[in-house]
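S.K.: My questions all concern the structure below.
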Amino acid sequence: MVIIQAADFDLAEEYQKLRNSGNGTGAIATFTGLVRDHGDLDDVTGLFLEHYPGMTEQVIEGLITEAGKRWDVRAARVIHRIGSLALGDQIVFVGVCSAHRGDAFAACQFIMDALKTSAPFWKKELSRSGDHWVEQKDSDRTQSEQWHKRQE
Amino acid sequence: MNDQSHATVTVRFFARLREQLDTDSVAVPISEPATVADVLKTLADRGSVWAELCADSRVMIAVNQAMAKTTTPLKPRDEVAFFPPVTGG
(Lines give C-alpha, C1' and ligand atoms only; values in the text may rest on other atoms or scores of the structure.)
Protein backbone atom coordinates (compact mmCIF):
# COMPACT_ATOMS: atom_id res chain seq x y z
CA MET A 1 0.00 0.00 0.00
CA VAL A 2 1.27 3.46 -0.94
CA ILE A 3 0.15 6.60 0.86
CA ILE A 4 1.15 10.14 -0.06
CA GLN A 5 0.12 12.61 2.62
CA ALA A 6 0.97 15.96 4.17
CA ALA A 7 0.25 14.65 7.68
CA ASP A 8 2.80 12.98 9.93
CA PHE A 9 2.66 9.23 10.61
CA ASP A 10 3.04 7.11 13.71
CA LEU A 11 5.66 4.37 13.57
CA ALA A 12 3.91 2.18 16.16
CA GLU A 13 0.61 2.34 14.24
CA GLU A 14 2.28 1.53 10.94
CA TYR A 15 4.16 -1.39 12.50
CA GLN A 16 0.91 -2.72 13.97
CA LYS A 17 -0.82 -2.51 10.57
CA LEU A 18 2.02 -4.52 9.04
CA ARG A 19 1.89 -7.00 11.88
CA ASN A 20 -1.87 -7.43 11.43
CA SER A 21 -1.46 -8.15 7.73
CA GLY A 22 -0.50 -11.67 8.82
CA ASN A 23 -0.06 -14.48 6.27
CA GLY A 24 3.12 -16.15 7.39
CA THR A 25 5.11 -13.09 8.43
CA GLY A 26 8.17 -13.93 10.51
CA ALA A 27 10.06 -10.66 10.08
CA ILE A 28 9.19 -6.99 9.67
CA ALA A 29 11.80 -4.48 8.51
CA THR A 30 10.95 -0.80 8.67
CA PHE A 31 12.82 2.29 7.57
CA THR A 32 12.03 5.88 8.52
CA GLY A 33 13.67 8.85 6.80
CA LEU A 34 13.95 12.23 8.52
CA VAL A 35 14.58 15.76 7.27
CA ARG A 36 18.25 16.37 8.01
CA ASP A 37 19.27 19.60 9.69
CA HIS A 38 21.86 20.35 7.04
CA GLY A 39 21.75 20.06 3.27
CA ASP A 40 23.34 21.74 0.28
CA LEU A 41 23.07 24.99 2.21
CA ASP A 42 24.09 25.29 5.87
CA ASP A 43 21.28 27.54 7.12
CA VAL A 44 18.33 25.35 6.06
CA THR A 45 15.15 26.07 8.01
CA GLY A 46 12.89 23.43 6.40
CA LEU A 47 11.84 21.66 3.23
CA PHE A 48 9.02 21.85 0.74
CA LEU A 49 8.16 18.62 -1.06
CA GLU A 50 6.49 18.60 -4.44
CA HIS A 51 5.29 15.46 -6.25
CA TYR A 52 3.56 14.28 -9.42
CA PRO A 53 0.17 13.03 -8.15
CA GLY A 54 -0.81 9.72 -9.71
CA MET A 55 2.59 8.88 -11.15
CA THR A 56 4.19 8.82 -7.70
CA GLU A 57 1.78 6.15 -6.47
CA GLN A 58 2.15 4.10 -9.67
CA VAL A 59 5.95 4.15 -9.51
CA ILE A 60 6.09 3.06 -5.86
CA GLU A 61 3.43 0.35 -6.38
CA GLY A 62 5.66 -0.88 -9.21
CA LEU A 63 8.67 -1.02 -6.88
CA ILE A 64 6.69 -3.07 -4.34
CA THR A 65 5.67 -5.46 -7.13
CA GLU A 66 9.29 -5.74 -8.29
CA ALA A 67 10.44 -6.38 -4.71
CA GLY A 68 7.83 -9.16 -4.51
CA LYS A 69 9.35 -10.85 -7.56
CA ARG A 70 12.86 -10.80 -6.07
CA TRP A 71 12.18 -11.55 -2.41
CA ASP A 72 9.53 -13.05 -0.18
CA VAL A 73 7.25 -10.05 0.49
CA ARG A 74 4.04 -10.79 2.43
CA ALA A 75 2.98 -7.13 2.77
CA ALA A 76 4.52 -3.70 2.25
CA ARG A 77 3.57 -0.16 3.21
CA VAL A 78 5.15 3.03 1.95
CA ILE A 79 4.23 6.48 3.26
CA HIS A 80 5.79 9.61 1.79
CA ARG A 81 4.98 13.08 3.06
CA ILE A 82 4.57 16.15 0.85
CA GLY A 83 4.30 19.89 1.47
CA SER A 84 6.12 21.83 4.18
CA LEU A 85 8.36 19.91 6.55
CA ALA A 86 10.52 21.11 9.41
CA LEU A 87 14.03 19.95 10.35
CA GLY A 88 13.91 16.58 12.07
CA ASP A 89 10.41 15.75 10.71
CA GLN A 90 9.65 12.25 9.49
CA ILE A 91 9.49 12.30 5.69
CA VAL A 92 9.27 8.69 4.49
CA PHE A 93 8.34 5.28 5.85
CA VAL A 94 8.94 1.88 4.26
CA GLY A 95 7.80 -1.29 6.00
CA VAL A 96 8.08 -4.84 4.65
CA CYS A 97 6.75 -8.15 6.03
CA SER A 98 8.55 -11.33 5.00
CA ALA A 99 8.87 -14.88 6.23
CA HIS A 100 12.54 -14.26 7.14
CA ARG A 101 14.76 -11.29 8.00
CA GLY A 102 17.05 -11.45 4.95
CA ASP A 103 14.18 -10.85 2.56
CA ALA A 104 12.61 -8.20 4.80
CA PHE A 105 15.88 -6.20 5.02
CA ALA A 106 16.69 -6.53 1.31
CA ALA A 107 13.20 -5.67 0.05
CA CYS A 108 12.96 -2.68 2.41
CA GLN A 109 16.31 -1.30 1.29
CA PHE A 110 15.58 -1.95 -2.38
CA ILE A 111 12.25 -0.10 -2.23
CA MET A 112 13.87 2.85 -0.44
CA ASP A 113 16.91 3.04 -2.75
CA ALA A 114 14.79 2.76 -5.91
CA LEU A 115 12.25 5.30 -4.60
CA LYS A 116 15.04 7.87 -4.26
CA THR A 117 15.89 7.76 -7.96
CA SER A 118 12.57 6.88 -9.60
CA ALA A 119 9.60 8.27 -7.64
CA PRO A 120 8.71 11.79 -8.82
CA PHE A 121 9.28 13.87 -5.68
CA TRP A 122 11.32 17.05 -5.53
CA LYS A 123 12.73 18.72 -2.44
CA LYS A 124 13.12 22.43 -2.14
CA GLU A 125 15.33 23.56 0.73
CA LEU A 126 14.12 26.66 2.49
CA SER A 127 16.87 28.72 4.04
CA ARG A 128 17.42 32.17 5.42
CA SER A 129 19.49 33.00 2.33
CA GLY A 130 16.75 31.87 -0.10
CA ASP A 131 15.02 28.77 -1.47
CA HIS A 132 16.83 26.20 -3.53
CA TRP A 133 15.87 23.00 -5.39
CA VAL A 134 17.92 20.05 -4.16
CA GLU A 135 20.05 18.33 -6.84
CA GLN A 136 20.04 14.54 -7.15
CA LYS A 137 23.11 13.01 -5.54
CA ASP A 138 25.45 10.73 -7.50
CA SER A 139 25.60 8.45 -4.44
CA ASP A 140 21.82 7.90 -4.61
CA ARG A 141 22.07 6.98 -8.30
CA THR A 142 24.94 4.57 -7.61
CA GLN A 143 23.10 2.97 -4.70
CA SER A 144 20.01 2.40 -6.84
CA GLU A 145 22.03 1.03 -9.78
CA GLN A 146 23.63 -1.55 -7.48
CA TRP A 147 20.30 -3.38 -7.30
CA HIS A 148 20.14 -3.73 -11.07
CA LYS A 149 23.67 -5.14 -11.12
CA ARG A 150 22.84 -7.66 -8.40
CA GLN A 151 19.95 -8.94 -10.51
CA GLU A 152 22.16 -9.58 -13.59
CA MET B 1 -13.26 23.01 -32.15
CA ASN B 2 -12.21 21.31 -35.39
CA ASP B 3 -10.51 17.92 -35.60
CA GLN B 4 -7.08 19.51 -35.83
CA SER B 5 -7.40 21.07 -32.36
CA HIS B 6 -7.78 17.60 -30.83
CA ALA B 7 -4.36 16.51 -32.09
CA THR B 8 -2.51 17.86 -29.09
CA VAL B 9 -0.75 16.42 -26.07
CA THR B 10 -0.73 18.01 -22.64
CA VAL B 11 2.77 18.75 -21.40
CA ARG B 12 3.25 19.16 -17.66
CA PHE B 13 6.26 20.62 -15.86
CA PHE B 14 7.34 20.10 -12.27
CA ALA B 15 9.62 21.63 -9.66
CA ARG B 16 12.51 23.74 -11.01
CA LEU B 17 11.29 23.38 -14.61
CA ARG B 18 7.84 24.68 -13.74
CA GLU B 19 9.35 27.70 -12.00
CA GLN B 20 11.85 28.47 -14.76
CA LEU B 21 9.18 28.23 -17.47
CA ASP B 22 6.62 29.97 -15.26
CA THR B 23 3.90 27.50 -16.30
CA ASP B 24 2.73 24.09 -15.08
CA SER B 25 1.22 22.88 -18.34
CA VAL B 26 0.92 23.66 -22.05
CA ALA B 27 -0.92 22.01 -24.95
CA VAL B 28 1.39 21.07 -27.80
CA PRO B 29 0.07 20.15 -31.27
CA ILE B 30 1.36 16.89 -32.76
CA SER B 31 0.98 15.22 -36.12
CA GLU B 32 1.29 11.44 -36.03
CA PRO B 33 3.53 9.60 -36.09
CA ALA B 34 5.00 11.71 -33.29
CA THR B 35 7.48 11.10 -30.48
CA VAL B 36 8.57 12.97 -27.36
CA ALA B 37 11.46 14.38 -29.41
CA ASP B 38 8.95 16.21 -31.67
CA VAL B 39 7.35 17.85 -28.63
CA LEU B 40 10.77 18.88 -27.32
CA LYS B 41 11.56 20.46 -30.69
CA THR B 42 8.26 22.38 -30.76
CA LEU B 43 8.90 23.69 -27.25
CA ALA B 44 12.55 24.52 -27.96
CA ASP B 45 11.39 26.68 -30.90
CA ARG B 46 9.86 29.04 -28.34
CA GLY B 47 13.46 30.09 -27.67
CA SER B 48 15.29 31.38 -24.60
CA VAL B 49 14.70 29.34 -21.42
CA TRP B 50 12.54 26.80 -23.34
CA ALA B 51 15.38 25.99 -25.74
CA GLU B 52 17.80 25.73 -22.83
CA LEU B 53 15.66 23.30 -20.81
CA CYS B 54 14.71 21.19 -23.83
CA ALA B 55 18.43 20.71 -24.58
CA ASP B 56 19.20 19.60 -21.00
CA SER B 57 19.91 15.87 -21.13
CA ARG B 58 19.26 15.49 -17.38
CA VAL B 59 15.56 16.35 -17.80
CA MET B 60 13.44 13.26 -17.07
CA ILE B 61 10.47 12.34 -19.25
CA ALA B 62 7.18 10.62 -18.45
CA VAL B 63 4.36 9.70 -20.82
CA ASN B 64 0.97 8.91 -19.27
CA GLN B 65 2.69 8.85 -15.87
CA ALA B 66 5.28 6.21 -16.74
CA MET B 67 8.98 6.89 -17.35
CA ALA B 68 9.68 7.44 -21.04
CA LYS B 69 12.40 8.43 -23.52
CA THR B 70 12.71 10.94 -26.34
CA THR B 71 11.89 8.09 -28.76
CA THR B 72 8.61 7.17 -26.99
CA PRO B 73 5.72 7.47 -29.49
CA LEU B 74 2.83 9.82 -28.72
CA LYS B 75 -0.83 9.91 -29.67
CA PRO B 76 -3.32 12.77 -29.26
CA ARG B 77 -4.38 13.50 -25.67
CA ASP B 78 -1.36 11.77 -24.13
CA GLU B 79 0.01 13.35 -20.96
CA VAL B 80 3.70 14.15 -21.29
CA ALA B 81 5.74 15.43 -18.33
CA PHE B 82 9.21 16.91 -18.08
CA PHE B 83 10.96 17.25 -14.75
CA PRO B 84 14.38 17.46 -13.07
CA PRO B 85 16.06 14.35 -11.59
CA VAL B 86 13.93 13.29 -8.61
CA THR B 87 15.00 14.00 -5.03
CA GLY B 88 12.46 12.34 -2.72
CA GLY B 89 12.99 10.05 0.21
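Following the order of the C-alpha coordinates, first chain is A, next is B, and so on, with residues numbered from 1 inside each chain and ligands from 1 in the order they appear.
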Considering only C-alpha atoms, give me a table of residues in chain A that are at most 10 Å from chain B, with the closest atom pair and distance in Å for each, as JSON lines.
M.R.:
{"residue": "A:Thr32", "atom": "CA", "partner": "B:Gly89", "partner_atom": "CA", "distance": 9.3}
{"residue": "A:Gly33", "atom": "CA", "partner": "B:Gly89", "partner_atom": "CA", "distance": 6.7}
{"residue": "A:Leu34", "atom": "CA", "partner": "B:Gly89", "partner_atom": "CA", "distance": 8.6}
{"residue": "A:Val35", "atom": "CA", "partner": "B:Gly89", "partner_atom": "CA", "distance": 9.2}
{"residue": "A:Leu49", "atom": "CA", "partner": "B:Gly88", "partner_atom": "CA", "distance": 7.8}
{"residue": "A:Glu50", "atom": "CA", "partner": "B:Ala15", "partner_atom": "CA", "distance": 6.8}
{"residue": "A:His51", "atom": "CA", "partner": "B:Phe14", "partner_atom": "CA", "distance": 7.9}
{"residue": "A:Tyr52", "atom": "CA", "partner": "B:Phe14", "partner_atom": "CA", "distance": 7.5}
{"residue": "A:Pro53", "atom": "CA", "partner": "B:Gln65", "partner_atom": "CA", "distance": 9.1}
{"residue": "A:Gly54", "atom": "CA", "partner": "B:Gln65", "partner_atom": "CA", "distance": 7.1}
{"residue": "A:Met55", "atom": "CA", "partner": "B:Gln65", "partner_atom": "CA", "distance": 4.7}
{"residue": "A:Thr56", "atom": "CA", "partner": "B:Gln65", "partner_atom": "CA", "distance": 8.3}
{"residue": "A:Glu57", "atom": "CA", "partner": "B:Gln65", "partner_atom": "CA", "distance": 9.8}
{"residue": "A:Gln58", "atom": "CA", "partner": "B:Gln65", "partner_atom": "CA", "distance": 7.8}
{"residue": "A:Val59", "atom": "CA", "partner": "B:Ala66", "partner_atom": "CA", "distance": 7.5}
{"residue": "A:Ile79", "atom": "CA", "partner": "B:Gly89", "partner_atom": "CA", "distance": 9.9}
{"residue": "A:His80", "atom": "CA", "partner": "B:Gly89", "partner_atom": "CA", "distance": 7.4}
{"residue": "A:Arg81", "atom": "CA", "partner": "B:Gly89", "partner_atom": "CA", "distance": 9.0}
{"residue": "A:Ile82", "atom": "CA", "partner": "B:Gly88", "partner_atom": "CA", "distance": 9.5}
{"residue": "A:Ile91", "atom": "CA", "partner": "B:Gly89", "partner_atom": "CA", "distance": 6.9}
{"residue": "A:Val92", "atom": "CA", "partner": "B:Gly89", "partner_atom": "CA", "distance": 5.8}
{"residue": "A:Phe93", "atom": "CA", "partner": "B:Gly89", "partner_atom": "CA", "distance": 8.7}
{"residue": "A:Val94", "atom": "CA", "partner": "B:Gly89", "partner_atom": "CA", "distance": 10.0}
{"residue": "A:Met112", "atom": "CA", "partner": "B:Gly89", "partner_atom": "CA", "distance": 7.3}
{"residue": "A:Asp113", "atom": "CA", "partner": "B:Gly89", "partner_atom": "CA", "distance": 8.6}
{"residue": "A:Ala114", "atom": "CA", "partner": "B:Gly89", "partner_atom": "CA", "distance": 9.7}
{"residue": "A:Leu115", "atom": "CA", "partner": "B:Gly89", "partner_atom": "CA", "distance": 6.8}
{"residue": "A:Lys116", "atom": "CA", "partner": "B:Gly89", "partner_atom": "CA", "distance": 5.4}
{"residue": "A:Thr117", "atom": "CA", "partner": "B:Val86", "partner_atom": "CA", "distance": 5.9}
{"residue": "A:Ser118", "atom": "CA", "partner": "B:Val86", "partner_atom": "CA", "distance": 6.6}
{"residue": "A:Ala119", "atom": "CA", "partner": "B:Val86", "partner_atom": "CA", "distance": 6.7}
{"residue": "A:Pro120", "atom": "CA", "partner": "B:Val86", "partner_atom": "CA", "distance": 5.4}
{"residue": "A:Phe121", "atom": "CA", "partner": "B:Gly88", "partner_atom": "CA", "distance": 4.6}
{"residue": "A:Trp122", "atom": "CA", "partner": "B:Thr87", "partner_atom": "CA", "distance": 4.8}
{"residue": "A:Lys123", "atom": "CA", "partner": "B:Thr87", "partner_atom": "CA", "distance": 5.8}
{"residue": "A:Lys124", "atom": "CA", "partner": "B:Ala15", "partner_atom": "CA", "distance": 8.3}
{"residue": "A:His132", "atom": "CA", "partner": "B:Arg16", "partner_atom": "CA", "distance": 9.0}
{"residue": "A:Trp133", "atom": "CA", "partner": "B:Arg16", "partner_atom": "CA", "distance": 6.6}
{"residue": "A:Val134", "atom": "CA", "partner": "B:Thr87", "partner_atom": "CA", "distance": 6.8}
{"residue": "A:Glu135", "atom": "CA", "partner": "B:Thr87", "partner_atom": "CA", "distance": 6.9}
{"residue": "A:Gln136", "atom": "CA", "partner": "B:Thr87", "partner_atom": "CA", "distance": 5.5}
{"residue": "A:Lys137", "atom": "CA", "partner": "B:Thr87", "partner_atom": "CA", "distance": 8.2}
{"residue": "A:Asp140", "atom": "CA", "partner": "B:Thr87", "partner_atom": "CA", "distance": 9.2}
S.K.: Can you pull out the residues contacting B:Val39? Cut-off 10 Å, using only C-alpha atoms, and skip same-chain residues under 2 positions away; I want them as a ChimeraX atom specification.
M.R.: /B:8-9,11,27-30,34-37,41-45,54,70,74,80
S.K.: Mind writing the picked residues with N, CA, C and O atoms as a CSV table (one decimal), in the first residue's frame?
M.R.:
chain,number,residue,atom,x,y,z
B,8,THR,N,-3.5,17.2,-30.0
B,8,THR,CA,-2.5,17.9,-29.1
B,8,THR,C,-2.2,16.9,-28.0
B,8,THR,O,-3.0,16.0,-27.7
B,9,VAL,N,-1.1,17.1,-27.3
B,9,VAL,CA,-0.8,16.4,-26.1
B,9,VAL,C,-0.6,17.5,-25.0
B,9,VAL,O,-0.3,18.6,-25.3
B,11,VAL,N,1.4,18.9,-21.9
B,11,VAL,CA,2.8,18.7,-21.4
B,11,VAL,C,2.8,19.4,-20.0
B,11,VAL,O,2.4,20.6,-19.9
B,27,ALA,N,-0.5,23.0,-23.9
B,27,ALA,CA,-0.9,22.0,-24.9
B,27,ALA,C,0.0,22.2,-26.2
B,27,ALA,O,0.3,23.3,-26.6
B,28,VAL,N,0.5,21.0,-26.7
B,28,VAL,CA,1.4,21.1,-27.8
B,28,VAL,C,0.8,20.3,-28.9
B,28,VAL,O,0.4,19.1,-28.8
B,29,PRO,N,0.6,20.9,-30.1
B,29,PRO,CA,0.1,20.2,-31.3
B,29,PRO,C,1.0,19.1,-31.8
B,29,PRO,O,2.3,19.3,-31.7
B,30,ILE,N,0.5,17.9,-32.2
B,30,ILE,CA,1.4,16.9,-32.8
B,30,ILE,C,0.7,16.4,-34.0
B,30,ILE,O,-0.5,16.5,-34.2
B,34,ALA,N,4.2,10.7,-34.1
B,34,ALA,CA,5.0,11.7,-33.3
B,34,ALA,C,5.7,11.0,-32.1
B,34,ALA,O,5.2,10.0,-31.6
B,35,THR,N,6.8,11.6,-31.7
B,35,THR,CA,7.5,11.1,-30.5
B,35,THR,C,7.7,12.3,-29.5
B,35,THR,O,7.5,13.4,-29.9
B,36,VAL,N,8.2,11.9,-28.4
B,36,VAL,CA,8.6,13.0,-27.4
B,36,VAL,C,9.6,14.0,-27.9
B,36,VAL,O,9.5,15.2,-27.7
B,37,ALA,N,10.5,13.5,-28.8
B,37,ALA,CA,11.5,14.4,-29.4
B,37,ALA,C,10.8,15.5,-30.2
B,37,ALA,O,11.3,16.6,-30.2
B,41,LYS,N,11.1,19.5,-29.6
B,41,LYS,CA,11.6,20.5,-30.7
B,41,LYS,C,10.6,21.6,-30.8
B,41,LYS,O,11.0,22.8,-30.8
B,42,THR,N,9.3,21.3,-30.7
B,42,THR,CA,8.3,22.4,-30.8
B,42,THR,C,8.4,23.4,-29.6
B,42,THR,O,8.4,24.6,-29.8
B,43,LEU,N,8.7,22.8,-28.4
B,43,LEU,CA,8.9,23.7,-27.3
B,43,LEU,C,10.2,24.5,-27.3
B,43,LEU,O,10.2,25.7,-27.0
B,44,ALA,N,11.3,23.8,-27.9
B,44,ALA,CA,12.6,24.5,-28.0
B,44,ALA,C,12.5,25.7,-28.9
B,44,ALA,O,13.1,26.7,-28.8
B,45,ASP,N,11.6,25.6,-29.9
B,45,ASP,CA,11.4,26.7,-30.9
B,45,ASP,C,10.8,28.0,-30.3
B,45,ASP,O,10.9,29.0,-30.9
B,54,CYS,N,15.0,22.3,-22.9
B,54,CYS,CA,14.7,21.2,-23.8
B,54,CYS,C,16.0,20.5,-24.3
B,54,CYS,O,16.0,19.4,-24.7
B,70,THR,N,13.0,10.0,-25.2
B,70,THR,CA,12.7,10.9,-26.3
B,70,THR,C,12.1,10.2,-27.5
B,70,THR,O,11.4,10.8,-28.3
B,74,LEU,N,3.9,9.1,-29.4
B,74,LEU,CA,2.8,9.8,-28.7
B,74,LEU,C,1.6,9.8,-29.6
B,74,LEU,O,1.7,9.7,-30.8
B,80,VAL,N,2.2,14.2,-21.3
B,80,VAL,CA,3.7,14.2,-21.3
B,80,VAL,C,4.1,15.0,-20.1
B,80,VAL,O,3.5,16.0,-19.8
S.K.: Excluding stretch 98-103 of chain A and its own-chain neighbours fewer than 2 positions away, which residues fall within 12 Å of it when counting only C-alpha atoms? Please give them as an NGL selection string.
M.R.: :A and (18-19 or 21-30 or 67-76 or 95-96 or 105-111)
S.K.: Could you give me, as a PyMOL selection string, each residue of stretch 24-128 of chain A that DSSP assigns to helix (DSSP H, G or I) when run on this structure's backbone?
M.R.: chain A and resi 55-70+101-118
S.K.: Just to confirm, what's the straight-line distance from atom CA of A:Ser129 to atom CA of B:Val49 in Å (one decimal)?
M.R.: 24.5 Å
S.K.: I need the residue nearest A:Asp89 from this list: A:Leu47, A:Met1, A:Leu63, A:Ala12. Use only C-alpha atoms for the distance.
M.R.: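 With only C-alpha atoms as the atom set, the closest residue is A:Leu47.
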S.K.: Rounded to one decimal place, report the atom CA of B:Leu53-atom CA of A:Ser144 distance in Å.
M.R.: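 Between these atoms lies a distance of 25.5 Å.
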S.K.: What's the separation between atom CA of A:Val44 and atom CA of A:Leu87, in Å to one decimal place?
M.R.: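 About the pair atom CA of A:Val44 and atom CA of A:Leu87: they are 8.1 Å apart.
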S.K.: DSSP on the backbone: what in stretch 50-128 of chain A comes out strand (DSSP E or B), as a list in words?
M.R.: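 Result set for stretch 50-128 of chain A (strand (DSSP E or B)): Glu50, His51, Ala75, Ala76, Arg77, Val78, Ile79, His80, Arg81, Gly83, Ser84, Leu85, Ala86, Gln90, Ile91, Val92, Phe93, Val94, Gly95, Val96, Cys97, Ser98, Phe121, Trp122, Lys123, Lys124, Glu125, Leu126 and Ser127 of chain A.
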